[in-house]
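K.L.:
Here you go, query_38.tsv (TSV, C-alpha atoms):
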```tsv
chain	number	residue	atom	x	y	z
O	1	MET	CA	-71.81	62.53	103.44
O	2	PRO	CA	-71.18	63.05	107.19
O	3	HIS	CA	-71.49	59.35	107.97
O	4	SER	CA	-68.86	58.33	105.42
O	5	ARG	CA	-66.43	60.94	106.72
O	6	ARG	CA	-66.49	59.29	110.14
O	7	LEU	CA	-65.25	55.97	108.77
O	8	PRO	CA	-61.73	55.20	110.04
O	9	LEU	CA	-58.92	55.26	107.54
O	10	ALA	CA	-58.07	51.70	108.51
O	11	ILE	CA	-61.17	50.53	106.63
O	12	ILE	CA	-60.53	52.56	103.48
O	13	LEU	CA	-56.80	51.83	103.33
O	14	ALA	CA	-56.91	48.25	104.63
O	15	GLY	CA	-55.86	46.79	101.29
O	16	LEU	CA	-52.81	49.01	101.14
O	17	PHE	CA	-51.10	47.30	104.08
O	18	ALA	CA	-50.91	44.13	101.99
O	19	LEU	CA	-49.00	46.10	99.39
O	20	VAL	CA	-46.58	47.37	101.99
O	21	ALA	CA	-45.92	43.92	103.41
O	22	ALA	CA	-45.67	42.25	99.98
O	23	PRO	CA	-42.52	42.30	97.84
O	24	ALA	CA	-42.03	45.39	95.70
O	25	SER	CA	-42.60	43.44	92.47
O	26	HIS	CA	-42.96	39.92	91.14
O	27	ALA	CA	-42.51	38.17	87.82
O	28	GLU	CA	-45.43	38.09	85.40
O	29	ARG	CA	-45.94	36.36	82.09
O	30	VAL	CA	-45.58	38.27	78.86
O	31	LYS	CA	-49.15	37.15	78.09
O	32	ASP	CA	-50.37	39.21	81.07
O	33	LEU	CA	-48.21	42.25	80.40
O	34	ALA	CA	-48.56	42.82	76.66
O	35	SER	CA	-50.68	42.22	73.58
O	36	VAL	CA	-49.63	41.48	70.01
O	37	SER	CA	-49.99	44.37	67.60
O	38	GLY	CA	-52.67	43.62	65.01
O	39	VAL	CA	-54.37	40.97	67.13
O	40	ARG	CA	-57.42	42.89	68.29
O	41	THR	CA	-61.19	42.85	68.44
O	42	ASN	CA	-63.37	44.87	66.07
O	43	GLN	CA	-66.64	46.59	66.92
O	44	LEU	CA	-69.78	45.79	64.94
O	45	VAL	CA	-73.10	47.61	64.99
O	46	GLY	CA	-76.48	47.25	63.34
O	47	TYR	CA	-80.08	48.46	63.38
O	48	GLY	CA	-82.94	46.03	63.72
O	49	LEU	CA	-86.39	45.24	65.04
O	50	VAL	CA	-87.48	43.21	68.06
O	51	VAL	CA	-90.92	41.62	67.61
O	52	GLY	CA	-93.22	39.54	69.80
O	53	LEU	CA	-93.37	41.94	72.75
O	54	ASP	CA	-96.35	41.84	75.08
O	55	GLY	CA	-97.59	45.39	74.47
O	56	THR	CA	-94.34	46.94	75.71
O	57	GLY	CA	-92.99	48.04	72.33
O	58	ASP	CA	-92.53	51.52	70.89
O	59	GLN	CA	-95.40	53.98	70.88
O	60	THR	CA	-95.41	54.52	67.14
O	61	SER	CA	-96.89	58.01	67.42
O	62	GLN	CA	-93.64	59.09	69.10
O	63	ALA	CA	-91.29	56.71	67.23
O	64	PRO	CA	-92.17	57.01	63.52
O	65	PHE	CA	-88.95	55.26	62.47
O	66	THR	CA	-90.35	52.00	63.88
O	67	ILE	CA	-93.33	52.16	61.47
O	68	GLN	CA	-91.01	53.08	58.60
O	69	SER	CA	-88.79	50.08	59.37
O	70	ILE	CA	-91.81	47.74	59.50
O	71	LYS	CA	-93.07	49.02	56.14
O	72	ASN	CA	-89.64	48.59	54.53
O	73	MET	CA	-89.31	45.06	55.89
O	74	LEU	CA	-92.80	43.98	54.76
O	75	ALA	CA	-92.22	45.48	51.32
O	76	LYS	CA	-89.30	43.07	50.82
O	77	PHE	CA	-91.74	40.20	51.40
O	78	GLY	CA	-94.26	41.58	48.90
O	79	VAL	CA	-96.62	43.06	51.50
O	80	THR	CA	-97.82	46.54	50.56
O	81	ILE	CA	-99.12	48.89	53.23
O	82	PRO	CA	-101.14	51.92	52.05
O	83	ALA	CA	-99.21	55.17	52.28
O	84	ASN	CA	-101.87	56.79	54.44
O	85	ALA	CA	-102.03	53.86	56.87
O	86	ASN	CA	-100.58	54.40	60.33
O	87	PRO	CA	-100.68	51.05	62.13
O	88	GLN	CA	-100.34	51.17	65.92
O	89	LEU	CA	-97.94	48.36	66.73
O	90	LYS	CA	-97.29	47.83	70.45
O	91	ASN	CA	-95.33	44.61	70.10
O	92	VAL	CA	-92.46	45.95	67.99
O	93	ALA	CA	-89.39	47.94	69.08
O	94	ALA	CA	-86.58	49.53	67.10
O	95	VAL	CA	-83.19	48.56	68.53
O	96	THR	CA	-79.49	48.89	68.00
O	97	VAL	CA	-77.41	45.72	68.00
O	98	HIS	CA	-73.71	45.74	68.77
O	99	ALA	CA	-71.06	43.09	69.21
O	100	GLU	CA	-67.30	42.57	69.29
O	101	LEU	CA	-65.72	40.46	66.59
O	102	PRO	CA	-62.79	38.52	68.13
O	103	PRO	CA	-59.47	38.36	66.31
O	104	PHE	CA	-59.16	35.53	63.77
O	105	ALA	CA	-62.93	34.85	63.88
O	106	LYS	CA	-63.85	32.64	60.92
O	107	PRO	CA	-67.09	32.51	58.92
O	108	GLY	CA	-69.60	30.22	60.55
O	109	GLN	CA	-68.51	30.93	64.12
O	110	THR	CA	-70.95	32.61	66.48
O	111	ILE	CA	-70.54	35.62	68.76
O	112	ASP	CA	-72.66	37.22	71.49
O	113	VAL	CA	-74.67	40.35	70.74
O	114	THR	CA	-76.20	43.09	72.90
O	115	VAL	CA	-79.58	44.59	71.97
O	116	SER	CA	-80.70	48.02	73.22
O	117	SER	CA	-83.91	49.94	72.60
O	118	ILE	CA	-83.60	53.31	70.85
O	119	GLY	CA	-87.29	54.22	71.02
O	120	ASN	CA	-89.67	54.41	73.95
O	121	ALA	CA	-90.27	50.69	74.42
O	122	GLY	CA	-91.07	49.81	78.01
O	123	SER	CA	-89.43	46.38	77.95
O	124	LEU	CA	-87.80	43.97	75.51
O	125	ARG	CA	-88.61	40.93	77.63
O	126	GLY	CA	-90.00	38.04	75.58
O	127	GLY	CA	-89.02	39.60	72.24
O	128	SER	CA	-87.10	38.16	69.32
O	129	LEU	CA	-84.61	40.00	67.15
O	130	ILE	CA	-85.22	39.48	63.45
O	131	MET	CA	-82.34	39.16	60.99
O	132	THR	CA	-80.02	42.13	61.43
O	133	PRO	CA	-76.77	42.76	59.51
O	134	LEU	CA	-73.84	43.86	61.69
O	135	ARG	CA	-71.41	46.19	59.97
O	136	GLY	CA	-67.91	47.39	60.75
O	137	ILE	CA	-66.46	50.87	60.49
O	138	ASP	CA	-65.83	50.26	56.78
O	139	GLY	CA	-69.53	49.66	56.12
O	140	GLU	CA	-69.07	45.98	55.23
O	141	THR	CA	-71.28	43.30	56.80
O	142	TYR	CA	-69.28	40.94	59.00
O	143	ALA	CA	-72.03	39.10	60.89
O	144	ILE	CA	-75.78	38.44	60.89
O	145	ALA	CA	-77.70	38.56	64.19
O	146	GLN	CA	-81.01	36.93	65.06
O	147	GLY	CA	-82.59	35.17	68.02
O	148	SER	CA	-84.54	35.43	71.26
O	149	LEU	CA	-83.46	37.98	73.85
O	150	ILE	CA	-82.43	37.34	77.42
O	151	VAL	CA	-83.51	40.37	79.48
O	152	SER	CA	-82.55	40.53	83.15
O	153	GLY	CA	-84.57	43.68	83.85
O	154	PHE	CA	-88.25	43.76	84.76
O	155	GLY	CA	-90.77	46.59	84.84
O	156	ALA	CA	-94.42	47.04	85.79
O	157	ALA	CA	-96.75	50.05	85.62
O	158	GLY	CA	-100.15	50.91	87.04
O	159	LYS	CA	-103.01	52.83	85.49
O	160	ASP	CA	-102.36	55.79	87.80
O	161	GLY	CA	-98.90	56.24	86.28
O	162	SER	CA	-96.93	54.59	89.06
O	163	ARG	CA	-94.29	52.12	87.92
O	164	ILE	CA	-91.45	50.04	89.23
O	165	ALA	CA	-88.39	48.75	87.41
O	166	VAL	CA	-85.73	46.22	88.39
O	167	ASN	CA	-82.45	46.63	86.52
O	168	VAL	CA	-82.92	47.85	82.93
O	169	PRO	CA	-85.64	46.05	80.93
O	170	SER	CA	-84.94	48.01	77.74
O	171	GLY	CA	-81.77	46.06	76.92
O	172	GLY	CA	-80.76	42.42	76.64
O	173	ARG	CA	-78.31	39.94	75.18
O	174	ILE	CA	-78.43	37.02	72.77
O	175	PRO	CA	-75.69	34.47	73.52
O	176	ASN	CA	-74.21	33.19	70.26
O	177	GLY	CA	-76.78	35.39	68.57
O	178	ALA	CA	-74.74	36.37	65.51
O	179	THR	CA	-73.02	34.26	62.87
O	180	VAL	CA	-69.75	35.53	61.42
O	181	GLU	CA	-69.97	35.98	57.64
O	182	ARG	CA	-66.64	37.64	56.83
O	183	GLU	CA	-63.11	37.31	58.21
O	184	VAL	CA	-61.13	40.40	59.12
O	185	ALA	CA	-57.70	40.51	57.53
O	186	THR	CA	-54.81	40.91	59.99
O	187	ALA	CA	-51.12	41.66	59.63
O	188	PHE	CA	-50.17	38.87	62.03
O	189	ALA	CA	-48.11	36.95	59.43
O	190	GLY	CA	-47.29	39.80	57.09
O	191	GLN	CA	-44.13	41.14	58.76
O	192	PRO	CA	-40.79	39.52	59.66
O	193	TYR	CA	-41.29	40.52	63.28
O	194	LEU	CA	-43.88	40.63	66.05
O	195	MET	CA	-44.70	43.83	67.90
O	196	LEU	CA	-45.55	43.40	71.59
O	197	ASN	CA	-47.39	46.38	73.11
O	198	LEU	CA	-47.43	46.75	76.90
O	199	HIS	CA	-50.80	47.31	78.56
O	200	THR	CA	-49.18	49.89	80.88
O	201	PRO	CA	-46.43	52.05	79.36
O	202	ASP	CA	-43.19	51.70	81.30
O	203	PHE	CA	-39.59	51.98	80.06
O	204	SER	CA	-38.27	49.59	82.71
O	205	THR	CA	-40.79	46.89	81.86
O	206	ALA	CA	-40.14	47.26	78.12
O	207	ALA	CA	-36.37	46.90	78.65
O	208	ARG	CA	-36.80	43.87	80.93
O	209	LEU	CA	-39.17	42.21	78.46
O	210	ALA	CA	-36.62	42.61	75.65
O	211	ASP	CA	-33.85	41.25	77.92
O	212	GLY	CA	-35.97	38.23	78.85
O	213	VAL	CA	-36.61	37.37	75.20
O	214	ASN	CA	-32.94	37.82	74.31
O	215	ARG	CA	-31.80	35.56	77.15
O	216	LEU	CA	-34.11	32.79	75.93
O	217	LEU	CA	-33.82	33.15	72.16
O	218	GLY	CA	-30.47	34.86	71.67
O	219	ALA	CA	-29.07	38.37	71.62
O	220	GLY	CA	-30.64	40.74	69.11
O	221	THR	CA	-33.96	38.86	68.93
O	222	ALA	CA	-35.92	41.59	70.71
O	223	GLU	CA	-35.57	45.35	70.83
O	224	ALA	CA	-37.44	47.82	73.03
O	225	LEU	CA	-38.54	50.69	70.79
O	226	ASP	CA	-40.18	52.88	73.45
O	227	ALA	CA	-42.11	52.61	76.72
O	228	VAL	CA	-44.86	50.56	75.03
O	229	SER	CA	-43.52	48.56	72.07
O	230	VAL	CA	-41.02	45.72	71.92
O	231	ARG	CA	-40.13	44.37	68.46
O	232	VAL	CA	-39.31	40.68	68.31
O	233	ALA	CA	-37.94	38.87	65.24
O	234	ALA	CA	-40.22	36.02	64.20
O	235	PRO	CA	-40.46	33.34	61.48
O	236	LEU	CA	-42.60	34.13	58.43
O	237	ASP	CA	-44.35	30.75	58.35
O	238	ALA	CA	-47.76	31.10	60.02
O	239	GLY	CA	-47.57	27.74	61.78
O	240	GLN	CA	-44.09	28.35	63.15
O	241	ARG	CA	-45.06	31.88	64.17
O	242	THR	CA	-47.98	30.60	66.26
O	243	ALA	CA	-45.76	28.18	68.19
O	244	TYR	CA	-43.11	30.90	68.48
O	245	LEU	CA	-45.58	33.34	70.00
O	246	ALA	CA	-46.85	30.68	72.41
O	247	THR	CA	-43.28	30.39	73.72
O	248	LEU	CA	-42.91	34.15	74.05
O	249	GLU	CA	-46.13	34.47	76.05
O	250	GLU	CA	-44.84	32.15	78.79
O	251	ILE	CA	-41.64	34.12	79.47
O	252	ASP	CA	-41.60	35.55	83.00
O	253	VAL	CA	-40.75	39.25	83.23
O	254	GLN	CA	-40.40	41.33	86.38
O	255	PRO	CA	-42.34	44.54	85.61
O	256	GLY	CA	-40.99	47.90	86.64
O	257	ASP	CA	-42.29	49.55	89.79
O	258	ALA	CA	-45.17	51.93	89.26
O	259	PRO	CA	-44.38	55.64	89.77
O	260	ALA	CA	-45.27	57.23	93.09
O	261	LYS	CA	-48.86	58.44	92.87
O	262	VAL	CA	-51.68	59.42	95.19
O	263	ILE	CA	-55.12	58.99	93.62
O	264	ILE	CA	-58.08	60.87	95.10
O	265	ASN	CA	-61.66	60.31	93.98
O	266	SER	CA	-63.36	63.64	94.59
O	267	ARG	CA	-66.85	62.12	94.33
O	268	THR	CA	-66.54	59.23	96.77
O	269	GLY	CA	-63.70	60.45	98.99
O	270	THR	CA	-61.61	57.35	98.24
O	271	VAL	CA	-57.86	57.82	98.64
O	272	VAL	CA	-55.34	55.34	97.21
O	273	ILE	CA	-51.66	55.78	98.06
O	274	GLY	CA	-49.03	53.91	96.05
O	275	ASN	CA	-46.36	51.97	97.90
O	276	ARG	CA	-43.60	54.19	96.45
O	277	VAL	CA	-44.98	57.39	97.96
O	278	GLN	CA	-42.57	59.13	100.34
O	279	VAL	CA	-42.43	62.46	102.14
O	280	ARG	CA	-39.63	64.77	103.19
O	281	PRO	CA	-39.36	66.07	106.78
O	282	ALA	CA	-42.55	67.92	107.69
O	283	ALA	CA	-44.72	68.66	110.73
O	284	VAL	CA	-48.50	68.42	110.40
O	285	ALA	CA	-51.12	69.69	112.85
O	286	HIS	CA	-54.63	68.31	112.51
O	287	GLY	CA	-57.71	69.66	114.22
O	288	SER	CA	-61.38	70.21	113.50
O	289	LEU	CA	-63.80	72.97	114.34
O	290	SER	CA	-67.48	72.08	114.78
O	291	VAL	CA	-70.27	74.64	115.07
O	292	THR	CA	-73.71	73.56	116.31
O	293	ILE	CA	-76.72	75.85	115.93
O	294	THR	CA	-79.94	74.92	117.72
O	295	GLU	CA	-83.16	76.75	116.88
O	296	ARG	CA	-86.25	76.80	119.10
O	297	VAL	CA	-89.35	78.94	119.44
O	298	ASP	CA	-90.53	80.28	122.82
O	299	VAL	CA	-94.05	81.60	123.44
O	300	SER	CA	-94.44	84.93	125.24
O	301	GLN	CA	-97.89	85.23	126.82
O	302	PRO	CA	-99.04	88.15	129.04
O	303	ASN	CA	-100.74	87.46	132.35
O	304	ALA	CA	-104.45	87.64	132.81
O	305	PHE	CA	-104.49	91.31	134.05
O	306	ALA	CA	-102.00	92.77	131.52
O	307	ARG	CA	-102.76	94.02	128.11
O	308	GLY	CA	-100.88	92.48	125.22
O	309	GLU	CA	-100.78	89.70	122.71
O	310	THR	CA	-99.35	86.23	122.72
O	311	VAL	CA	-96.33	86.12	120.37
O	312	ALA	CA	-93.73	83.52	119.30
O	313	VAL	CA	-90.14	84.47	120.09
O	314	PRO	CA	-87.33	82.62	118.23
O	315	ARG	CA	-84.34	81.54	120.29
O	316	SER	CA	-80.99	80.51	118.81
O	317	ASN	CA	-78.22	78.66	120.64
O	318	VAL	CA	-74.79	78.57	119.02
O	319	GLU	CA	-72.06	76.27	120.34
O	320	VAL	CA	-68.50	76.09	119.05
O	321	ASN	CA	-66.38	73.03	119.78
O	322	GLN	CA	-62.72	72.93	118.79
O	323	PRO	CA	-60.94	69.85	120.13
O	324	GLU	CA	-57.27	69.97	120.89
O	325	ALA	CA	-55.25	69.65	117.70
O	326	ARG	CA	-52.52	67.05	117.44
O	327	MET	CA	-49.23	67.43	115.64
O	328	PHE	CA	-47.15	64.68	114.13
O	329	VAL	CA	-43.79	64.80	112.41
O	330	PHE	CA	-42.76	63.02	109.23
O	331	GLY	CA	-39.11	62.07	109.01
O	332	ASP	CA	-37.08	62.07	105.82
O	333	GLY	CA	-38.03	59.28	103.40
O	334	VAL	CA	-41.13	58.10	105.28
O	335	ASP	CA	-42.86	55.31	103.38
O	336	LEU	CA	-46.53	54.36	102.97
O	337	ASN	CA	-46.70	52.31	106.16
O	338	GLU	CA	-45.54	55.21	108.32
O	339	ILE	CA	-47.86	57.68	106.58
O	340	VAL	CA	-50.92	55.53	107.25
O	341	LYS	CA	-49.93	54.95	110.88
O	342	ALA	CA	-49.38	58.64	111.53
O	343	VAL	CA	-52.67	59.71	109.97
O	344	ASN	CA	-54.60	56.98	111.78
O	345	GLN	CA	-53.16	58.10	115.13
O	346	VAL	CA	-54.78	61.52	114.83
O	347	GLY	CA	-58.08	60.01	113.63
O	348	ALA	CA	-58.21	61.86	110.31
O	349	ALA	CA	-61.18	61.11	108.09
O	350	PRO	CA	-60.73	60.64	104.32
O	351	GLY	CA	-61.60	64.27	103.66
O	352	ASP	CA	-59.01	65.37	106.22
O	353	LEU	CA	-56.43	63.09	104.63
O	354	VAL	CA	-57.00	64.79	101.28
O	355	ALA	CA	-56.35	68.18	102.89
O	356	ILE	CA	-53.18	66.88	104.57
O	357	LEU	CA	-51.81	65.42	101.33
O	358	GLU	CA	-52.61	68.59	99.40
O	359	ALA	CA	-50.84	70.69	102.02
O	360	LEU	CA	-47.80	68.41	101.90
O	361	ARG	CA	-47.69	68.76	98.11
O	362	VAL	CA	-47.85	72.56	98.28
O	363	ALA	CA	-45.09	72.52	100.91
O	364	GLY	CA	-42.92	70.42	98.60
O	365	ALA	CA	-42.76	67.54	101.10
O	366	LEU	CA	-44.84	65.01	99.14
O	367	ARG	CA	-42.68	62.94	96.79
O	368	ALA	CA	-45.52	61.73	94.58
O	369	GLU	CA	-47.88	62.85	91.86
O	370	LEU	CA	-51.25	63.92	93.28
O	371	ILE	CA	-54.08	62.98	90.90
O	372	VAL	CA	-57.72	63.92	91.46
O	373	ILE	CA	-60.30	61.98	89.47
```
Using structure tokens, write down the structure from this file.
P.N.:
Amino acid sequence: MPHSRRLPLAIILAGLFALVAAPASHAERVKDLASVSGVRTNQLVGYGLVVGLDGTGDQTSQAPFTIQSIKNMLAKFGVTIPANANPQLKNVAAVTVHAELPPFAKPGQTIDVTVSSIGNAGSLRGGSLIMTPLRGIDGETYAIAQGSLIVSGFGAAGKDGSRIAVNVPSGGRIPNGATVEREVATAFAGQPYLMLNLHTPDFSTAARLADGVNRLLGAGTAEALDAVSVRVAAPLDAGQRTAYLATLEEIDVQPGDAPAKVIINSRTGTVVIGNRVQVRPAAVAHGSLSVTITERVDVSQPNAFARGETVAVPRSNVEVNQPEARMFVFGDGVDLNEIVKAVNQVGAAPGDLVAILEALRVAGALRAELIVI
């Protein structure tokens, strides 16, 4: 949008100056850098019914699966509905229920669930989810969900078809709405070692993590296998292994510097420049050409003694404005701070900055990976 292009780069890149002024890297805990292989969440999903809605449920003529689900549920309680009956239920909605099962969750513990309408229900506000099995990818039931929904959205409609909605009323959550029924087996204590997987692949960080463990626990304890995984020898006893891992998580490791990258969001015009970005010697000229076209209509009217007709005559006025272009020079090895200063001096907008960076890349002067998202 034209307004956003006029924003100064100082606003968009303000946070980057803190990166320039801050140290290149700092120590972080292993707990924040890596996760333990096999210790992970598992996704659960189920299909259920929300009842007790105030006339905002599925329109059963367009959602026949809701009626089918009601019939199947009532049949389990000994209630028989004639085959030719087509009840119009406005207080029932068919929903999907999904949740994440945390690692080491034990039977009897509770987890949060999210409920979303799959029919044409207008709102789930005030509804209650009836007992719904939650299954894993293997088809086994790992939790049972039930309870009253908390819906943050709100909607209202008039008889003339006008309506208003705040947030999304067709979805909600049930805190502690599912009870775990089955434990997921893990390989946490099944191997003579622990595998630490970095959240961000980096060979330098993996090597430093292994060195940090070896300095604390002895040479040969840890081995970096690749840019992600570090294998650490560990006791087989589950109790000792837990205390052992707690010690590993508190080790401070200085992560490797991120590679030089320039990230451009093509939809919003946001440009993020990493603090390792540098350029080779280059000269850049920046200028803009603006064309303004003004349209107006004049009326041509003959005088009282002349013959003729009154007609409308279009008039166009075209103005071209090209301000004086400025040129700035990048020296060899210019860092992020100098790049931002130079671009700000010429008053380049975010869109202009993208063009400058792309031109520098094509010229071979940009020492960074240019990524457009």
K.L.:
Determine, counting all atoms listed in the file, every residue of protein, DNA or RNA that lies within 12 Å of (-43.8, 51.2, 81.4) in the file coordinates, then give the result as JSON, numbers by chain.
P.N.:
{"O": [33, 34, 197, 198, 199, 200, 201, 202, 203, 204, 205, 206, 207, 208, 209, 224, 225, 226, 227, 228, 229, 230, 254, 255, 256, 257, 258, 259]}
K.L.:
Mind writing the picked residues with C-alpha atoms as a compact mmCIF listing (two decimals), in the coordinates of the input?
P.N.:
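Full text of again.txt as output:
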```
# COMPACT_ATOMS: atom_id res chain seq x y z
CA LEU O 33 -48.21 42.25 80.40
CA ALA O 34 -48.56 42.82 76.66
CA ASN O 197 -47.39 46.38 73.11
CA LEU O 198 -47.43 46.75 76.90
CA HIS O 199 -50.80 47.31 78.56
CA THR O 200 -49.18 49.89 80.88
CA PRO O 201 -46.43 52.05 79.36
CA ASP O 202 -43.19 51.70 81.30
CA PHE O 203 -39.59 51.98 80.06
CA SER O 204 -38.27 49.59 82.71
CA THR O 205 -40.79 46.89 81.86
CA ALA O 206 -40.14 47.26 78.12
CA ALA O 207 -36.37 46.90 78.65
CA ARG O 208 -36.80 43.87 80.93
CA LEU O 209 -39.17 42.21 78.46
CA ALA O 224 -37.44 47.82 73.03
CA LEU O 225 -38.54 50.69 70.79
CA ASP O 226 -40.18 52.88 73.45
CA ALA O 227 -42.11 52.61 76.72
CA VAL O 228 -44.86 50.56 75.03
CA SER O 229 -43.52 48.56 72.07
CA VAL O 230 -41.02 45.72 71.92
CA GLN O 254 -40.40 41.33 86.38
CA PRO O 255 -42.34 44.54 85.61
CA GLY O 256 -40.99 47.90 86.64
CA ASP O 257 -42.29 49.55 89.79
CA ALA O 258 -45.17 51.93 89.26
CA PRO O 259 -44.38 55.64 89.77
```
K.L.:
Could you tell me, as an mmCIF file with C-alpha atoms, in the coordinates of the input, which residues have any atom at most 12 Å from (-67.8, 43.2, 69.3), counting all atoms listed in the file?
P.N.:
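Full text of out_19.cif as output:
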```
data_model
loop_
_atom_site.group_PDB
_atom_site.id
_atom_site.type_symbol
_atom_site.label_atom_id
_atom_site.label_comp_id
_atom_site.auth_asym_id
_atom_site.auth_seq_id
_atom_site.Cartn_x
_atom_site.Cartn_y
_atom_site.Cartn_z
ATOM 1 C CA ARG O 40 -57.420 42.890 68.290
ATOM 2 C CA THR O 41 -61.190 42.850 68.440
ATOM 3 C CA ASN O 42 -63.370 44.870 66.070
ATOM 4 C CA GLN O 43 -66.640 46.590 66.920
ATOM 5 C CA LEU O 44 -69.780 45.790 64.940
ATOM 6 C CA VAL O 45 -73.100 47.610 64.990
ATOM 7 C CA GLY O 46 -76.480 47.250 63.340
ATOM 8 C CA VAL O 97 -77.410 45.720 68.000
ATOM 9 C CA HIS O 98 -73.710 45.740 68.770
ATOM 10 C CA ALA O 99 -71.060 43.090 69.210
ATOM 11 C CA GLU O 100 -67.300 42.570 69.290
ATOM 12 C CA LEU O 101 -65.720 40.460 66.590
ATOM 13 C CA PRO O 102 -62.790 38.520 68.130
ATOM 14 C CA PRO O 103 -59.470 38.360 66.310
ATOM 15 C CA ALA O 105 -62.930 34.850 63.880
ATOM 16 C CA THR O 110 -70.950 32.610 66.480
ATOM 17 C CA ILE O 111 -70.540 35.620 68.760
ATOM 18 C CA ASP O 112 -72.660 37.220 71.490
ATOM 19 C CA VAL O 113 -74.670 40.350 70.740
ATOM 20 C CA THR O 114 -76.200 43.090 72.900
ATOM 21 C CA LEU O 134 -73.840 43.860 61.690
ATOM 22 C CA ARG O 135 -71.410 46.190 59.970
ATOM 23 C CA GLY O 136 -67.910 47.390 60.750
ATOM 24 C CA ILE O 137 -66.460 50.870 60.490
ATOM 25 C CA TYR O 142 -69.280 40.940 59.000
ATOM 26 C CA ALA O 143 -72.030 39.100 60.890
ATOM 27 C CA ASN O 176 -74.210 33.190 70.260
ATOM 28 C CA GLY O 177 -76.780 35.390 68.570
ATOM 29 C CA ALA O 178 -74.740 36.370 65.510
ATOM 30 C CA VAL O 180 -69.750 35.530 61.420
#
```
K.L.:
Record the distance separating atom CA of Ser37 of chain O and atom CA of Phe188 of chain O, expressed in Å with one decimal.
P.N.:
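We find that atom CA of Ser37 of chain O and atom CA of Phe188 of chain O lie 7.8 Å from each other.
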K.L.:
Would you mind reading off the distance between atom CA of Val95 of chain O and atom CA of Lys71 of chain O, one decimal, in Å?
P.N.:
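These atoms are spaced 15.9 Å apart.
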K.L.:
Could you tell me how far atom CA of Glu358 of chain O sits from atom CA of Val271 of chain O, in Å to one decimal place?
P.N.:
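Those two atoms sit 12.0 Å apart.
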K.L.:
Give the answer as one residue: which of O:Glu223, O:Val279, O:Arg231, O:Glu309 has the shortest atom-to-atom distance to Gly364 of chain O, using all atoms listed in the file?
P.N.:
O:Val279
K.L.:
Please write out, as AutoDock Vina command-line options, where the centre of an axis-aligned box around all listed atoms of segment 243-250 of chain O lies and how long its edges are, in Å to one decimal, after adding 8 Å on each side.
P.N.:
```
--center_x -44.9 --center_y 31.3 --center_z 73.5 --size_x 19.9 --size_y 22.3 --size_z 26.6
```
K.L.:
With only C-alpha atoms as the counted atoms, please give the residues lying no more than 10 Å from Ser69 of chain O, apart from itself and same-chain residues fewer than 4 positions off, as a ChimeraX atom specification.
P.N.:
/O:47-49,64-65,73-75,93-94
K.L.:
Go ahead and dump the residues you just picked, C-alpha atoms, as a PDB file, in the frame of the given file.
P.N.:
```pdb
ATOM      1  CA  TYR O  47     -80.080  48.460  63.380  1.00  0.00           C
ATOM      2  CA  GLY O  48     -82.940  46.030  63.720  1.00  0.00           C
ATOM      3  CA  LEU O  49     -86.390  45.240  65.040  1.00  0.00           C
ATOM      4  CA  PRO O  64     -92.170  57.010  63.520  1.00  0.00           C
ATOM      5  CA  PHE O  65     -88.950  55.260  62.470  1.00  0.00           C
ATOM      6  CA  MET O  73     -89.310  45.060  55.890  1.00  0.00           C
ATOM      7  CA  LEU O  74     -92.800  43.980  54.760  1.00  0.00           C
ATOM      8  CA  ALA O  75     -92.220  45.480  51.320  1.00  0.00           C
ATOM      9  CA  ALA O  93     -89.390  47.940  69.080  1.00  0.00           C
ATOM     10  CA  ALA O  94     -86.580  49.530  67.100  1.00  0.00           C
TER      11      ALA O  94
END
```
K.L.:
For Glu250 of chain O, which of O:Ala233, O:Val213, O:Ala219, O:Ile356 is the closest residue, counting only C-alpha atoms?
P.N.:
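Nearest candidate to Glu250 of chain O out of O:Ala233, O:Val213, O:Ala219, O:Ile356: O:Val213.
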K.L.:
Which residue gives the smallest distance to Gln191 of chain O among O:Pro281, O:Gly122, O:Gly38, O:Gly108, with only C-alpha atoms counted?
P.N.:
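Going through O:Pro281, O:Gly122, O:Gly38, O:Gly108 one by one, the smallest distance to Gln191 of chain O is for O:Gly38.
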